[in-house]
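K.L.:
PDB, C-alpha atoms and all ligand atoms, file final_15.pdb:
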ATOM      1  CA  MET A   1      87.168  91.649  98.118  1.00  0.00           C
ATOM      2  CA  LYS A   2      87.923  95.330  98.516  1.00  0.00           C
ATOM      3  CA  PRO A   3      91.263  96.295  96.926  1.00  0.00           C
ATOM      4  CA  PRO A   4      93.711  98.637  98.720  1.00  0.00           C
ATOM      5  CA  LEU A   5      93.086 102.380  98.406  1.00  0.00           C
ATOM      6  CA  VAL A   6      94.354 104.166  95.301  1.00  0.00           C
ATOM      7  CA  ILE A   7      94.564 107.968  95.090  1.00  0.00           C
ATOM      8  CA  ALA A   8      94.688 109.372  91.561  1.00  0.00           C
ATOM      9  CA  PRO A   9      95.114 113.141  91.147  1.00  0.00           C
ATOM     10  CA  SER A  10      93.415 114.453  87.987  1.00  0.00           C
ATOM     11  CA  LEU A  11      95.790 116.361  85.723  1.00  0.00           C
ATOM     12  CA  LEU A  12      92.827 118.374  84.414  1.00  0.00           C
ATOM     13  CA  ALA A  13      93.381 120.564  87.479  1.00  0.00           C
ATOM     14  CA  CYS A  14      97.147 120.990  87.040  1.00  0.00           C
ATOM     15  CA  ASP A  15      99.041 123.927  85.530  1.00  0.00           C
ATOM     16  CA  PHE A  16      99.428 122.752  81.899  1.00  0.00           C
ATOM     17  CA  GLY A  17     102.263 125.238  81.398  1.00  0.00           C
ATOM     18  CA  ARG A  18     104.344 123.372  83.969  1.00  0.00           C
ATOM     19  CA  LEU A  19     103.167 119.862  83.106  1.00  0.00           C
ATOM     20  CA  HIS A  20     106.322 117.962  83.961  1.00  0.00           C
ATOM     21  CA  GLU A  21     106.771 119.747  87.304  1.00  0.00           C
ATOM     22  CA  GLU A  22     103.115 119.077  88.127  1.00  0.00           C
ATOM     23  CA  VAL A  23     103.487 115.370  87.326  1.00  0.00           C
ATOM     24  CA  ARG A  24     106.558 115.211  89.567  1.00  0.00           C
ATOM     25  CA  ARG A  25     104.760 117.143  92.334  1.00  0.00           C
ATOM     26  CA  ALA A  26     101.873 114.637  92.251  1.00  0.00           C
ATOM     27  CA  GLN A  27     104.266 111.686  92.345  1.00  0.00           C
ATOM     28  CA  GLU A  28     106.383 113.114  95.145  1.00  0.00           C
ATOM     29  CA  SER A  29     103.175 113.767  97.105  1.00  0.00           C
ATOM     30  CA  GLY A  30     102.428 110.058  97.261  1.00  0.00           C
ATOM     31  CA  SER A  31      99.934 109.612  94.413  1.00  0.00           C
ATOM     32  CA  ASP A  32      99.292 106.037  93.312  1.00  0.00           C
ATOM     33  CA  TRP A  33      98.054 106.781  89.780  1.00  0.00           C
ATOM     34  CA  LEU A  34      97.643 109.869  87.577  1.00  0.00           C
ATOM     35  CA  HIS A  35      94.143 110.401  86.179  1.00  0.00           C
ATOM     36  CA  CYS A  36      94.013 111.792  82.616  1.00  0.00           C
ATOM     37  CA  ASP A  37      90.654 113.251  81.488  1.00  0.00           C
ATOM     38  CA  VAL A  38      90.347 113.132  77.704  1.00  0.00           C
ATOM     39  CA  MET A  39      87.390 115.185  76.355  1.00  0.00           C
ATOM     40  CA  ASP A  40      86.318 115.562  72.738  1.00  0.00           C
ATOM     41  CA  GLY A  41      83.805 118.446  72.835  1.00  0.00           C
ATOM     42  CA  HIS A  42      81.017 116.075  71.739  1.00  0.00           C
ATOM     43  CA  PHE A  43      80.497 113.588  74.530  1.00  0.00           C
ATOM     44  CA  VAL A  44      81.009 116.423  77.019  1.00  0.00           C
ATOM     45  CA  ASP A  45      80.853 120.186  76.582  1.00  0.00           C
ATOM     46  CA  ASN A  46      84.582 120.706  76.905  1.00  0.00           C
ATOM     47  CA  ILE A  47      87.828 119.885  75.088  1.00  0.00           C
ATOM     48  CA  SER A  48      90.747 119.009  77.339  1.00  0.00           C
ATOM     49  CA  PHE A  49      93.705 117.162  75.826  1.00  0.00           C
ATOM     50  CA  GLY A  50      94.520 114.159  73.685  1.00  0.00           C
ATOM     51  CA  PRO A  51      97.154 111.493  73.066  1.00  0.00           C
ATOM     52  CA  ALA A  52     100.114 113.897  72.655  1.00  0.00           C
ATOM     53  CA  PHE A  53      99.490 115.361  76.106  1.00  0.00           C
ATOM     54  CA  VAL A  54      99.164 111.927  77.716  1.00  0.00           C
ATOM     55  CA  GLU A  55     102.410 110.873  76.001  1.00  0.00           C
ATOM     56  CA  ALA A  56     104.101 113.952  77.468  1.00  0.00           C
ATOM     57  CA  VAL A  57     102.848 112.895  80.907  1.00  0.00           C
ATOM     58  CA  ALA A  58     104.161 109.364  80.333  1.00  0.00           C
ATOM     59  CA  LYS A  59     107.648 110.750  79.565  1.00  0.00           C
ATOM     60  CA  VAL A  60     108.137 111.714  83.209  1.00  0.00           C
ATOM     61  CA  SER A  61     105.584 109.601  85.042  1.00  0.00           C
ATOM     62  CA  THR A  62     106.801 106.626  87.054  1.00  0.00           C
ATOM     63  CA  ILE A  63     103.302 105.657  88.234  1.00  0.00           C
ATOM     64  CA  PRO A  64     100.357 104.170  86.278  1.00  0.00           C
ATOM     65  CA  LEU A  65      98.253 106.388  84.019  1.00  0.00           C
ATOM     66  CA  ASP A  66      94.481 106.097  84.474  1.00  0.00           C
ATOM     67  CA  VAL A  67      92.957 107.351  81.212  1.00  0.00           C
ATOM     68  CA  HIS A  68      89.291 108.427  81.367  1.00  0.00           C
ATOM     69  CA  LEU A  69      87.879 108.770  77.852  1.00  0.00           C
ATOM     70  CA  MET A  70      84.950 111.211  77.736  1.00  0.00           C
ATOM     71  CA  VAL A  71      84.621 110.869  73.977  1.00  0.00           C
ATOM     72  CA  GLU A  72      81.749 109.894  71.684  1.00  0.00           C
ATOM     73  CA  ARG A  73      83.735 107.131  69.907  1.00  0.00           C
ATOM     74  CA  PRO A  74      86.009 105.450  72.474  1.00  0.00           C
ATOM     75  CA  ASP A  75      86.299 102.376  70.222  1.00  0.00           C
ATOM     76  CA  HIS A  76      87.973 104.548  67.582  1.00  0.00           C
ATOM     77  CA  TYR A  77      90.244 106.558  69.894  1.00  0.00           C
ATOM     78  CA  PHE A  78      91.369 104.163  72.643  1.00  0.00           C
ATOM     79  CA  PRO A  79      94.232 102.607  70.537  1.00  0.00           C
ATOM     80  CA  ARG A  80      95.996 105.996  70.640  1.00  0.00           C
ATOM     81  CA  PHE A  81      96.456 105.603  74.396  1.00  0.00           C
ATOM     82  CA  THR A  82      97.325 101.920  74.835  1.00  0.00           C
ATOM     83  CA  SER A  83     101.101 102.377  74.646  1.00  0.00           C
ATOM     84  CA  VAL A  84     101.138 104.660  77.708  1.00  0.00           C
ATOM     85  CA  ALA A  85      97.981 103.844  79.728  1.00  0.00           C
ATOM     86  CA  SER A  86      97.652 101.242  82.470  1.00  0.00           C
ATOM     87  CA  VAL A  87      93.882 101.426  82.587  1.00  0.00           C
ATOM     88  CA  ILE A  88      91.514 102.891  80.002  1.00  0.00           C
ATOM     89  CA  THR A  89      87.955 103.742  81.016  1.00  0.00           C
ATOM     90  CA  VAL A  90      85.133 104.265  78.519  1.00  0.00           C
ATOM     91  CA  HIS A  91      81.578 105.480  79.050  1.00  0.00           C
ATOM     92  CA  VAL A  92      78.580 103.176  78.793  1.00  0.00           C
ATOM     93  CA  GLU A  93      76.580 106.060  77.199  1.00  0.00           C
ATOM     94  CA  ALA A  94      79.032 106.610  74.298  1.00  0.00           C
ATOM     95  CA  GLN A  95      78.374 105.364  70.745  1.00  0.00           C
ATOM     96  CA  HIS A  96      80.079 101.972  70.610  1.00  0.00           C
ATOM     97  CA  ASP A  97      79.747  98.249  71.211  1.00  0.00           C
ATOM     98  CA  VAL A  98      80.668  98.432  74.899  1.00  0.00           C
ATOM     99  CA  ALA A  99      81.597  94.768  75.362  1.00  0.00           C
ATOM    100  CA  GLY A 100      83.621  94.853  72.149  1.00  0.00           C
ATOM    101  CA  THR A 101      85.560  97.954  73.219  1.00  0.00           C
ATOM    102  CA  LEU A 102      86.322  96.494  76.662  1.00  0.00           C
ATOM    103  CA  ALA A 103      87.613  93.271  75.090  1.00  0.00           C
ATOM    104  CA  ALA A 104      89.728  95.215  72.592  1.00  0.00           C
ATOM    105  CA  ILE A 105      91.293  97.329  75.365  1.00  0.00           C
ATOM    106  CA  ARG A 106      92.273  94.144  77.231  1.00  0.00           C
ATOM    107  CA  LYS A 107      93.599  92.566  74.047  1.00  0.00           C
ATOM    108  CA  ALA A 108      95.808  95.629  73.582  1.00  0.00           C
ATOM    109  CA  GLY A 109      97.387  94.949  76.988  1.00  0.00           C
ATOM    110  CA  CYS A 110      95.621  97.497  79.213  1.00  0.00           C
ATOM    111  CA  ARG A 111      93.160  97.079  82.027  1.00  0.00           C
ATOM    112  CA  CYS A 112      89.671  98.273  81.168  1.00  0.00           C
ATOM    113  CA  GLY A 113      87.082 100.333  82.985  1.00  0.00           C
ATOM    114  CA  ILE A 114      83.555 101.492  82.436  1.00  0.00           C
ATOM    115  CA  SER A 115      82.006 104.740  83.624  1.00  0.00           C
ATOM    116  CA  LEU A 116      78.520 106.165  83.954  1.00  0.00           C
ATOM    117  CA  ARG A 117      77.170 109.700  84.136  1.00  0.00           C
ATOM    118  CA  PRO A 118      75.159 110.815  87.174  1.00  0.00           C
ATOM    119  CA  ALA A 119      71.902 110.506  85.183  1.00  0.00           C
ATOM    120  CA  THR A 120      72.618 106.906  84.139  1.00  0.00           C
ATOM    121  CA  PRO A 121      71.263 104.171  86.427  1.00  0.00           C
ATOM    122  CA  PHE A 122      73.529 101.469  87.834  1.00  0.00           C
ATOM    123  CA  GLU A 123      71.554  98.856  85.839  1.00  0.00           C
ATOM    124  CA  ALA A 124      73.163 100.193  82.632  1.00  0.00           C
ATOM    125  CA  VAL A 125      76.595  98.848  83.638  1.00  0.00           C
ATOM    126  CA  GLU A 126      75.428  95.593  85.232  1.00  0.00           C
ATOM    127  CA  PRO A 127      75.788  93.513  82.045  1.00  0.00           C
ATOM    128  CA  PHE A 128      79.500  94.456  81.853  1.00  0.00           C
ATOM    129  CA  LEU A 129      80.643  93.953  85.460  1.00  0.00           C
ATOM    130  CA  HIS A 130      82.319  90.611  84.753  1.00  0.00           C
ATOM    131  CA  ARG A 131      84.311  92.198  81.909  1.00  0.00           C
ATOM    132  CA  ILE A 132      85.911  95.125  83.782  1.00  0.00           C
ATOM    133  CA  ASP A 133      88.848  95.924  86.053  1.00  0.00           C
ATOM    134  CA  LEU A 134      87.374  99.219  87.221  1.00  0.00           C
ATOM    135  CA  LEU A 135      83.964 100.863  87.567  1.00  0.00           C
ATOM    136  CA  LEU A 136      84.128 104.664  87.542  1.00  0.00           C
ATOM    137  CA  VAL A 137      81.117 106.289  89.207  1.00  0.00           C
ATOM    138  CA  MET A 138      80.904 109.956  88.177  1.00  0.00           C
ATOM    139  CA  THR A 139      80.065 112.126  91.173  1.00  0.00           C
ATOM    140  CA  VAL A 140      79.674 115.268  89.013  1.00  0.00           C
ATOM    141  CA  VAL A 141      78.357 115.762  85.465  1.00  0.00           C
ATOM    142  CA  PRO A 142      81.490 115.031  83.393  1.00  0.00           C
ATOM    143  CA  GLY A 143      83.148 117.892  81.564  1.00  0.00           C
ATOM    144  CA  PHE A 144      84.661 120.226  84.131  1.00  0.00           C
ATOM    145  CA  GLY A 145      86.693 120.128  87.316  1.00  0.00           C
ATOM    146  CA  GLY A 146      85.741 122.067  90.420  1.00  0.00           C
ATOM    147  CA  GLN A 147      82.060 121.092  90.597  1.00  0.00           C
ATOM    148  CA  PRO A 148      80.281 120.122  93.821  1.00  0.00           C
ATOM    149  CA  PHE A 149      80.099 116.424  94.736  1.00  0.00           C
ATOM    150  CA  MET A 150      76.708 114.748  94.219  1.00  0.00           C
ATOM    151  CA  THR A 151      76.044 112.835  97.439  1.00  0.00           C
ATOM    152  CA  GLU A 152      73.146 110.932  95.879  1.00  0.00           C
ATOM    153  CA  MET A 153      75.660 109.012  93.722  1.00  0.00           C
ATOM    154  CA  MET A 154      76.667 107.051  96.823  1.00  0.00           C
ATOM    155  CA  ALA A 155      73.721 104.730  96.164  1.00  0.00           C
ATOM    156  CA  LYS A 156      75.489 103.619  92.964  1.00  0.00           C
ATOM    157  CA  VAL A 157      78.772 103.088  94.824  1.00  0.00           C
ATOM    158  CA  GLU A 158      76.926 100.949  97.365  1.00  0.00           C
ATOM    159  CA  ALA A 159      75.236  98.978  94.564  1.00  0.00           C
ATOM    160  CA  ALA A 160      78.617  98.461  92.881  1.00  0.00           C
ATOM    161  CA  ALA A 161      80.165  97.159  96.113  1.00  0.00           C
ATOM    162  CA  GLU A 162      77.181  94.888  96.776  1.00  0.00           C
ATOM    163  CA  ALA A 163      77.320  93.462  93.233  1.00  0.00           C
ATOM    164  CA  ARG A 164      81.085  92.916  93.464  1.00  0.00           C
ATOM    165  CA  ALA A 165      80.697  90.867  96.648  1.00  0.00           C
ATOM    166  CA  ARG A 166      77.634  88.988  95.404  1.00  0.00           C
ATOM    167  CA  LEU A 167      79.213  88.068  92.059  1.00  0.00           C
ATOM    168  CA  GLY A 168      82.671  87.332  93.484  1.00  0.00           C
ATOM    169  CA  LEU A 169      84.334  89.944  91.249  1.00  0.00           C
ATOM    170  CA  SER A 170      87.315  92.180  91.956  1.00  0.00           C
ATOM    171  CA  TYR A 171      86.848  95.376  89.940  1.00  0.00           C
ATOM    172  CA  ARG A 172      87.917  98.629  91.536  1.00  0.00           C
ATOM    173  CA  ILE A 173      85.240 101.199  92.408  1.00  0.00           C
ATOM    174  CA  GLU A 174      86.462 104.681  91.514  1.00  0.00           C
ATOM    175  CA  VAL A 175      84.748 108.001  92.244  1.00  0.00           C
ATOM    176  CA  ASP A 176      85.468 111.125  90.197  1.00  0.00           C
ATOM    177  CA  GLY A 177      84.348 114.700  90.801  1.00  0.00           C
ATOM    178  CA  GLY A 178      84.257 116.983  93.827  1.00  0.00           C
ATOM    179  CA  ILE A 179      86.436 114.725  95.992  1.00  0.00           C
ATOM    180  CA  ASN A 180      87.933 116.300  99.104  1.00  0.00           C
ATOM    181  CA  ARG A 181      88.602 114.903 102.584  1.00  0.00           C
ATOM    182  CA  GLU A 182      84.916 114.878 103.564  1.00  0.00           C
ATOM    183  CA  THR A 183      83.486 113.527 100.291  1.00  0.00           C
ATOM    184  CA  GLY A 184      86.407 111.114  99.927  1.00  0.00           C
ATOM    185  CA  LEU A 185      85.657 109.680 103.350  1.00  0.00           C
ATOM    186  CA  LEU A 186      81.958 109.375 102.502  1.00  0.00           C
ATOM    187  CA  SER A 187      82.865 107.623  99.233  1.00  0.00           C
ATOM    188  CA  MET A 188      85.172 105.173 100.984  1.00  0.00           C
ATOM    189  CA  ARG A 189      82.515 104.434 103.600  1.00  0.00           C
ATOM    190  CA  SER A 190      80.089 103.737 100.742  1.00  0.00           C
ATOM    191  CA  GLY A 191      82.528 101.265  99.160  1.00  0.00           C
ATOM    192  CA  ALA A 192      84.864 103.251  96.886  1.00  0.00           C
ATOM    193  CA  ASP A 193      88.534 102.189  96.845  1.00  0.00           C
ATOM    194  CA  THR A 194      89.883 104.535  94.159  1.00  0.00           C
ATOM    195  CA  LEU A 195      89.648 108.319  94.511  1.00  0.00           C
ATOM    196  CA  VAL A 196      90.172 110.818  91.685  1.00  0.00           C
ATOM    197  CA  VAL A 197      91.137 114.166  93.192  1.00  0.00           C
ATOM    198  CA  GLY A 198      91.436 117.214  90.924  1.00  0.00           C
ATOM    199  CA  THR A 199      91.059 120.712  92.337  1.00  0.00           C
ATOM    200  CA  HIS A 200      91.470 119.656  95.968  1.00  0.00           C
ATOM    201  CA  ALA A 201      94.893 118.123  95.222  1.00  0.00           C
ATOM    202  CA  PHE A 202      96.423 120.539  92.704  1.00  0.00           C
ATOM    203  CA  ASN A 203      95.167 123.749  94.355  1.00  0.00           C
ATOM    204  CA  ALA A 204      96.632 122.735  97.692  1.00  0.00           C
ATOM    205  CA  PRO A 205      99.966 124.326  98.639  1.00  0.00           C
ATOM    206  CA  ASP A 206     100.923 120.964 100.172  1.00  0.00           C
ATOM    207  CA  MET A 207      99.575 118.140  98.011  1.00  0.00           C
ATOM    208  CA  GLY A 208     101.434 115.571 100.107  1.00  0.00           C
ATOM    209  CA  ALA A 209      99.418 116.581 103.191  1.00  0.00           C
ATOM    210  CA  VAL A 210      96.141 116.338 101.220  1.00  0.00           C
ATOM    211  CA  ILE A 211      96.970 112.826 100.027  1.00  0.00           C
ATOM    212  CA  ALA A 212      98.206 111.686 103.445  1.00  0.00           C
ATOM    213  CA  LYS A 213      94.982 112.918 105.056  1.00  0.00           C
ATOM    214  CA  LEU A 214      92.856 111.066 102.498  1.00  0.00           C
ATOM    215  CA  ARG A 215      94.904 107.929 102.978  1.00  0.00           C
ATOM    216  CA  THR A 216      94.416 107.919 106.723  1.00  0.00           C
ATOM    217  CA  ALA A 217      90.810 109.191 106.720  1.00  0.00           C
ATOM    218  CA  LEU A 218      89.303 105.738 107.094  1.00  0.00           C
ATOM    219  CA  LEU A 219      91.892 104.372 109.516  1.00  0.00           C
TER     220      LEU A 219
HETATM  221  C1  LIG B   1      85.318 115.694  85.253  1.00  0.00           C
HETATM  222  C2  LIG B   1      86.574 114.861  85.309  1.00  0.00           C
HETATM  223  C3  LIG B   1      87.221 114.809  86.650  1.00  0.00           C
HETATM  224  C4  LIG B   1      87.686 116.129  87.184  1.00  0.00           C
HETATM  225  C5  LIG B   1      87.653 116.078  88.683  1.00  0.00           C
HETATM  226  O1  LIG B   1      84.717 115.539  84.023  1.00  0.00           O
HETATM  227  O2  LIG B   1      86.284 113.521  84.923  1.00  0.00           O
HETATM  228  O3  LIG B   1      88.294 113.876  86.672  1.00  0.00           O
HETATM  229  O4  LIG B   1      88.965 116.478  86.768  1.00  0.00           O
HETATM  230  O5  LIG B   1      88.015 117.323  89.177  1.00  0.00           O
HETATM  231  P1  LIG B   1      87.590 117.853  90.609  1.00  0.00           P
HETATM  232  O6  LIG B   1      88.217 116.937  91.612  1.00  0.00           O
HETATM  233  O7  LIG B   1      88.092 119.239  90.626  1.00  0.00           O
HETATM  234  O8  LIG B   1      86.079 117.757  90.669  1.00  0.00           O
HETATM  235 ZN    ZN B   2      87.863 111.799  85.184  1.00  0.00          ZN
END
The structure in this file should be written as structure tokens.
Ligand code: DX5
Ligand code: ZN

P.N.:
Amino acid sequence: MKPPLVIAPSLLACDFGRLHEEVRRAQESGSDWLHCDVMDGHFVDNISFGPAFVEAVAKVSTIPLDVHLMVERPDHYFPRFTSVASVITVHVEAQHDVAGTLAAIRKAGCRCGISLRPATPFEAVEPFLHRIDLLLVMTVVPGFGGQPFMTEMMAKVEAAAEARARLGLSYRIEVDGGINRETGLLSMRSGADTLVVGTHAFNAPDMGAVIAKLRTALL
């Protein structure tokens, strides 16, 4: 069954110099979760922030933290986020025992997610679908905010929704990268129920209006 819509602004696009105000702005705008993009400079060609930053977010956040680990060794680093994260998502392409990492995240008390790059076929995550709470379909090449949405990734979202219904599972289907009103609507029509919104949310003078429009887009 399709879960209710979740909108998760990505803090990668916020003003880091005003972190606490930005967290409050996102919350007051009606966000459901806050998406935290952790990058190690190896798995992706960028370094963003680590556990200390996410802890600083947690100090003021009253909504769940959705931690997206774009790191080469998620099995080694995920324990540094379990005390503050609600859900921790790892990549299927990273260097680790994927099933083992997912089980360890759950054992630590968090929900677990798996993600795949645009170049990775849906088949790569199929063996793990019964082990996850969330499937994160990247709609840009991970590493940077502000890139254009890759429409062709909707085939993976459709496959994820079809597999969820066929297997009787309940994982969320999250899209990440280039989400705005138009691409968010397309994603929801394809089967996504969780939208990560970076640039489009934080660059807007009225984030509340952006989120309200996304929330009512399908209605
Ligand atoms: C990209 C990150 C995204 C990014 C999305 O590697 O995973 O979460 O912040 O930003 P926008 O919405 O600007 O594409
Ligand atoms: Zn992300």

K.L.:
Run through the PyMOL selection byres (((chain A and resi 46-61) around 10) and not hetatm) on the given coordinates and return the selected residues as a ChimeraX atom specification.

P.N.:
/A:11-12,16,19-24,26-27,33-45,62-65,67,69-71,77-85,142-144

K.L.:
To box segment 186-194 of chain A, take all atoms listed in the file, fit an axis-aligned box, add 4 Å on each side, and give centre and edge lengths in Å to one decimal, as JSON.

P.N.:
{"center_x": 85.0, "center_y": 105.3, "center_z": 98.9, "size_x": 17.8, "size_y": 16.1, "size_z": 17.4}

K.L.:
Of the candidates A:Gly17, A:Pro118, A:Pro205, A:Gly191, which one gets nearest to ligand LIG 1 (chain B) if we count only C-alpha atoms and all ligand atoms?

P.N.:
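Of A:Gly17, A:Pro118, A:Pro205, A:Gly191, the one nearest ligand LIG 1 (chain B) is A:Pro118, counting only C-alpha atoms and all ligand atoms.
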
K.L.:
Evaluate the PyMOL selection byres (((chain A and resi 125-133) around 12) and not hetatm) and record the selected residues as a VMD selection string, following the chain and residue labels used in the document.

P.N.:
chain A and resid 3 66 86 to 93 97 to 106 110 to 117 120 to 124 134 to 137 156 159 to 174 194

K.L.:
Counting all atoms listed in the file, which residue out of A:Glu152, A:Asp32, A:Asp176, A:Glu72 sits closest to ligand LIG 1 (chain B)?

P.N.:
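Answer, going by the shortest atom-to-atom distance: A:Asp176.
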
K.L.:
Quick one: residues within 8 Å of Arg181 of chain A, only C-alpha atoms counted, chain neighbours fewer than 3 positions away excluded, as a count of residues only?

P.N.:
6

K.L.:
May I ask for the distance between atom O8 of ligand LIG 1 (chain B) and atom CA of His96 of chain A, given in Å to one decimal place?

P.N.:
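Separation of atom O8 of ligand LIG 1 (chain B) and atom CA of His96 of chain A: 26.2 Å.
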
K.L.:
Rank A:Val6, A:Ala108, A:Ala201, A:Ala94 by their smallest atom-to-atom distance to ligand LIG 1 (chain B), using only C-alpha atoms and all ligand atoms, and report the top residue only.

P.N.:
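The shortest atom-to-atom distance to ligand LIG 1 (chain B) comes from A:Ala201.
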
K.L.:
Up to 6 Å from (89.8, 117.4, 86.5) in the file's coordinates: name the residues, counting all atoms listed in the file, as a list of chain:residue names.

P.N.:
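Residues close enough to count: A:Ser10, A:Leu12, A:Ala13, A:Gly145, A:Gly198.
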
K.L.:
Between A:Lys2, A:Lys107, A:His68, A:Arg25, which is the closest to ligand ZN 2 (chain B) once you count all atoms listed in the file?

P.N.:
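The shortest atom-to-atom distance to ligand ZN 2 (chain B) comes from A:His68.
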
K.L.:
With distances taken over all atoms listed in the file, which residue among A:Pro74, A:Gly109, A:Gly178, A:Pro9 lies nearest Met207 of chain A?

P.N.:
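Ranked by minimum distance to Met207 of chain A, first place goes to A:Pro9.
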
K.L.:
Tell me which protein, DNA and RNA residues are within 8 Å of Ser187 of chain A, counting all atoms listed in the file, leaving out same-chain ones fewer than 5 positions away, and put them as a ChimeraX atom specification.

P.N.:
/A:154,157,175,192

K.L.:
Quick one: pull the distance between atom CA of Val197 of chain A and atom CA of Gln95 of chain A, Å, one decimal.

P.N.:
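Value for the atom CA of Val197 of chain A-atom CA of Gln95 of chain A distance: 27.3 Å.
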
K.L.:
Start from the incomplete input, build N, CA and C atoms for segment 34-46 of chain A, and deliver everything as a compact mmCIF listing (two decimals), in the coordinates of the input.

P.N.:
# COMPACT_ATOMS: atom_id res chain seq x y z
N LEU A 34 98.00 108.54 88.10
CA LEU A 34 97.64 109.87 87.58
C LEU A 34 96.44 109.69 86.67
N HIS A 35 95.40 110.49 86.94
CA HIS A 35 94.14 110.40 86.18
C HIS A 35 94.18 111.41 85.03
N CYS A 36 93.95 110.93 83.81
CA CYS A 36 94.01 111.79 82.62
C CYS A 36 92.62 111.86 81.98
N ASP A 37 92.01 113.05 81.99
CA ASP A 37 90.65 113.25 81.49
C ASP A 37 90.68 113.72 80.04
N VAL A 38 90.34 112.81 79.14
CA VAL A 38 90.35 113.13 77.70
C VAL A 38 88.92 113.48 77.27
N MET A 39 88.73 114.70 76.74
CA MET A 39 87.39 115.18 76.36
C MET A 39 87.40 115.67 74.91
N ASP A 40 86.33 115.31 74.18
CA ASP A 40 86.32 115.56 72.74
C ASP A 40 85.40 116.70 72.29
N GLY A 41 84.71 117.37 73.24
CA GLY A 41 83.80 118.45 72.83
C GLY A 41 82.49 117.95 72.27
N HIS A 42 82.30 116.65 72.20
CA HIS A 42 81.02 116.08 71.74
C HIS A 42 80.34 115.32 72.87
N PHE A 43 81.08 114.37 73.44
CA PHE A 43 80.50 113.59 74.53
C PHE A 43 80.27 114.48 75.75
N VAL A 44 81.17 115.42 75.96
CA VAL A 44 81.01 116.42 77.02
C VAL A 44 81.25 117.80 76.41
N ASP A 45 80.78 118.83 77.12
CA ASP A 45 80.85 120.19 76.58
C ASP A 45 82.19 120.85 76.92
N ASN A 46 83.26 120.15 76.64
CA ASN A 46 84.58 120.71 76.90
C ASN A 46 85.59 119.91 76.08
